[in-house]
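Asks: Before I ask anything, here is the structure I am working with.
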Amino acid sequence: MMETKEWKVTEAPTCPHCRSVMEKMDARYLDWDSPYLWVCYNNECTLFKKGWNHMMETVGQLVSYRFMIHPQNGQAGVIPAFSPDYLKKNGKPANPNYSEE
Ligand SMILES: [Zn+2]
């Protein structure tokens, strides 16, 4: 067991963008120095929804980001998010570089 007493955020925080309760994301294999991160998984989250347009306009990629909080230092940030659910629901992205063949 990891010592979590010193951690700033050990109980599910609420996303400031959509007021959803955030969930743990397994971060053991990522470079965050933490076994997990708090991530807002709400697909209606304003940050997440705005992210699609923003990223499409700036880097031309269908990618977004989700709000996250690091449990140890309480620092807020974003992580990139590709959403298979989004694609399933809305069909394939209208990408001029994408070819069906
Ligand atoms: Zn949110």
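Every chain in the structure tokens takes a letter, A first, then B, and so on in the order presented; its residues are numbered from 1, and the ligands are numbered from 1 following the presented order.
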Tell me which protein, DNA and RNA residues are within 9 Å of Arg66 (chain A), counting only C-alpha atoms, leaving out same-chain ones fewer than 4 positions away, and put them as a PyMOL selection string.
Replies: chain A and resi 39-43+45+47-48+51+77-81
Asks: Can you spit out the residues from that selection as a short mmCIF file (atom, residue, chain, number, x, y, z; two decimals), in the first residue's frame, using all heavy atoms?
Replies:
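Written out: result_20.cif:
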```
data_model
loop_
_atom_site.label_atom_id
_atom_site.label_comp_id
_atom_site.auth_asym_id
_atom_site.auth_seq_id
_atom_site.Cartn_x
_atom_site.Cartn_y
_atom_site.Cartn_z
N VAL A 39 -9.90 12.22 -12.83
CA VAL A 39 -10.24 12.70 -14.16
C VAL A 39 -11.75 12.87 -14.28
O VAL A 39 -12.52 12.07 -13.77
CB VAL A 39 -9.76 11.68 -15.24
CG1 VAL A 39 -10.25 12.08 -16.62
CG2 VAL A 39 -8.24 11.60 -15.22
N CYS A 40 -12.14 13.93 -14.95
CA CYS A 40 -13.56 14.15 -15.23
C CYS A 40 -13.91 13.38 -16.49
O CYS A 40 -13.42 13.69 -17.56
CB CYS A 40 -13.84 15.63 -15.44
SG CYS A 40 -15.52 15.92 -16.02
N TYR A 41 -14.75 12.37 -16.34
CA TYR A 41 -15.12 11.53 -17.47
C TYR A 41 -16.44 11.93 -18.11
O TYR A 41 -16.98 11.23 -18.95
CB TYR A 41 -15.20 10.05 -17.05
CG TYR A 41 -13.85 9.40 -16.98
CD1 TYR A 41 -13.26 9.09 -15.76
CD2 TYR A 41 -13.16 9.09 -18.15
CE1 TYR A 41 -12.02 8.48 -15.70
CE2 TYR A 41 -11.92 8.49 -18.10
CZ TYR A 41 -11.36 8.19 -16.87
OH TYR A 41 -10.13 7.60 -16.81
N ASN A 42 -16.96 13.04 -17.66
CA ASN A 42 -18.25 13.48 -18.20
C ASN A 42 -18.09 13.98 -19.64
O ASN A 42 -17.37 14.94 -19.90
CB ASN A 42 -18.78 14.61 -17.30
CG ASN A 42 -20.10 15.15 -17.80
OD1 ASN A 42 -20.73 14.56 -18.69
ND2 ASN A 42 -20.51 16.26 -17.23
N ASN A 43 -18.77 13.34 -20.57
CA ASN A 43 -18.67 13.74 -21.98
C ASN A 43 -19.40 15.05 -22.26
O ASN A 43 -19.28 15.60 -23.35
CB ASN A 43 -19.20 12.63 -22.89
CG ASN A 43 -18.22 11.48 -22.97
OD1 ASN A 43 -17.03 11.64 -22.70
ND2 ASN A 43 -18.70 10.31 -23.33
N CYS A 45 -18.90 17.60 -20.24
CA CYS A 45 -18.08 18.60 -19.56
C CYS A 45 -17.73 19.73 -20.54
O CYS A 45 -17.33 19.48 -21.67
CB CYS A 45 -16.80 17.94 -19.06
SG CYS A 45 -15.74 19.07 -18.14
N LEU A 47 -15.30 21.79 -20.60
CA LEU A 47 -13.89 21.80 -20.99
C LEU A 47 -13.65 20.76 -22.09
O LEU A 47 -13.00 21.03 -23.09
CB LEU A 47 -13.00 21.47 -19.78
CG LEU A 47 -11.51 21.49 -20.08
CD1 LEU A 47 -10.91 22.84 -19.77
CD2 LEU A 47 -10.77 20.41 -19.31
N PHE A 48 -14.21 19.58 -21.88
CA PHE A 48 -14.06 18.48 -22.84
C PHE A 48 -14.71 18.84 -24.17
O PHE A 48 -14.13 18.64 -25.23
CB PHE A 48 -14.69 17.22 -22.24
CG PHE A 48 -14.59 16.01 -23.12
CD1 PHE A 48 -13.37 15.47 -23.46
CD2 PHE A 48 -15.75 15.38 -23.58
CE1 PHE A 48 -13.28 14.34 -24.26
CE2 PHE A 48 -15.67 14.26 -24.38
CZ PHE A 48 -14.44 13.73 -24.72
N GLY A 51 -12.89 21.50 -26.00
CA GLY A 51 -11.59 21.00 -26.44
C GLY A 51 -11.59 20.50 -27.87
O GLY A 51 -10.64 20.71 -28.61
N GLY A 77 -5.02 20.14 -13.98
CA GLY A 77 -4.46 20.19 -15.32
C GLY A 77 -5.40 19.53 -16.30
O GLY A 77 -6.57 19.31 -15.99
N VAL A 78 -4.89 19.22 -17.47
CA VAL A 78 -5.70 18.51 -18.44
C VAL A 78 -4.89 17.35 -19.00
O VAL A 78 -3.66 17.40 -19.04
CB VAL A 78 -6.15 19.41 -19.61
CG1 VAL A 78 -7.12 20.47 -19.14
CG2 VAL A 78 -4.94 20.05 -20.29
N ILE A 79 -5.57 16.31 -19.41
CA ILE A 79 -4.92 15.21 -20.11
C ILE A 79 -5.60 15.06 -21.46
O ILE A 79 -6.79 15.28 -21.59
CB ILE A 79 -5.01 13.88 -19.34
CG1 ILE A 79 -6.46 13.51 -19.03
CG2 ILE A 79 -4.18 13.92 -18.07
CD1 ILE A 79 -6.61 12.04 -18.72
N PRO A 80 -4.81 14.71 -22.48
CA PRO A 80 -5.39 14.54 -23.81
C PRO A 80 -6.38 13.37 -23.78
O PRO A 80 -6.17 12.41 -23.06
CB PRO A 80 -4.19 14.20 -24.69
CG PRO A 80 -2.98 14.38 -23.86
CD PRO A 80 -3.39 14.40 -22.43
N ALA A 81 -7.43 13.49 -24.55
CA ALA A 81 -8.43 12.43 -24.59
C ALA A 81 -8.91 12.17 -26.00
O ALA A 81 -9.33 13.09 -26.70
CB ALA A 81 -9.62 12.82 -23.71
#
```
Asks: Looking only at the backbone, which of the residues in region 18-89 of chain A does DSSP tag as helix (DSSP H, G or I), as a PyMOL selection string?
Replies: chain A and resi 46-58+84-89
Asks: What is the distance between CA of His70 (chain A) and CA of Trp38 (chain A), in Å to one decimal?
Replies: 6.4 Å
Asks: To one decimal in Å, tell me the separation between CA of Pro71 (chain A) and CA of Ser20 (chain A).
Replies: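 Those two atoms sit 16.8 Å apart.
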Asks: Suppose you want the space between CA of Glu57 (chain A) and CA of Glu44 (chain A); what is it in Å?
Replies: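 Distance between the two atoms: 19.8 Å.
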Asks: Which residues are near region 3-15 of chain A? Cut-off 6 Å, only C-alpha atoms, ignore same chain within fewer than 4 positions. Put them as an NGL selection string.
Replies: :A and (19-22 or 71-74)
Asks: Using only C-alpha atoms and all ligand atoms, which of the listed residues (A:Glu23, A:Thr46, A:Asp31, A:Gln61) sits closest to ligand 1?
Replies: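 The shortest atom-to-atom distance to ligand 1 comes from A:Thr46.
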Asks: Here is a test: counting only C-alpha atoms and all ligand atoms, which residue of A:Met2, A:Ile69, A:Ala27, A:Leu62 is nearest to ligand 1?
Replies: A:Ile69
Asks: Could you pull the residues within 6 Å of Tyr36 (chain A), counting only C-alpha atoms, minus those fewer than 4 positions along the same chain, as an mmCIF file with N, CA and C atoms, in the first residue's frame?
Replies:
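Listed below is the output, out-v7.cif:
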```
data_model
loop_
_atom_site.group_PDB
_atom_site.id
_atom_site.type_symbol
_atom_site.label_atom_id
_atom_site.label_comp_id
_atom_site.auth_asym_id
_atom_site.auth_seq_id
_atom_site.Cartn_x
_atom_site.Cartn_y
_atom_site.Cartn_z
ATOM 1 N N LYS A 24 -11.285 7.982 -10.705
ATOM 2 C CA LYS A 24 -9.879 7.618 -10.752
ATOM 3 C C LYS A 24 -9.520 7.052 -12.123
ATOM 4 N N MET A 25 -8.392 7.513 -12.630
ATOM 5 C CA MET A 25 -7.868 6.932 -13.848
ATOM 6 C C MET A 25 -6.553 6.250 -13.495
ATOM 7 N N ASP A 26 -6.394 5.026 -13.922
ATOM 8 C CA ASP A 26 -5.169 4.274 -13.673
ATOM 9 C C ASP A 26 -3.986 4.993 -14.313
ATOM 10 N N ALA A 27 -3.033 5.414 -13.493
ATOM 11 C CA ALA A 27 -1.892 6.159 -14.044
ATOM 12 C C ALA A 27 -0.578 5.460 -13.714
#
```
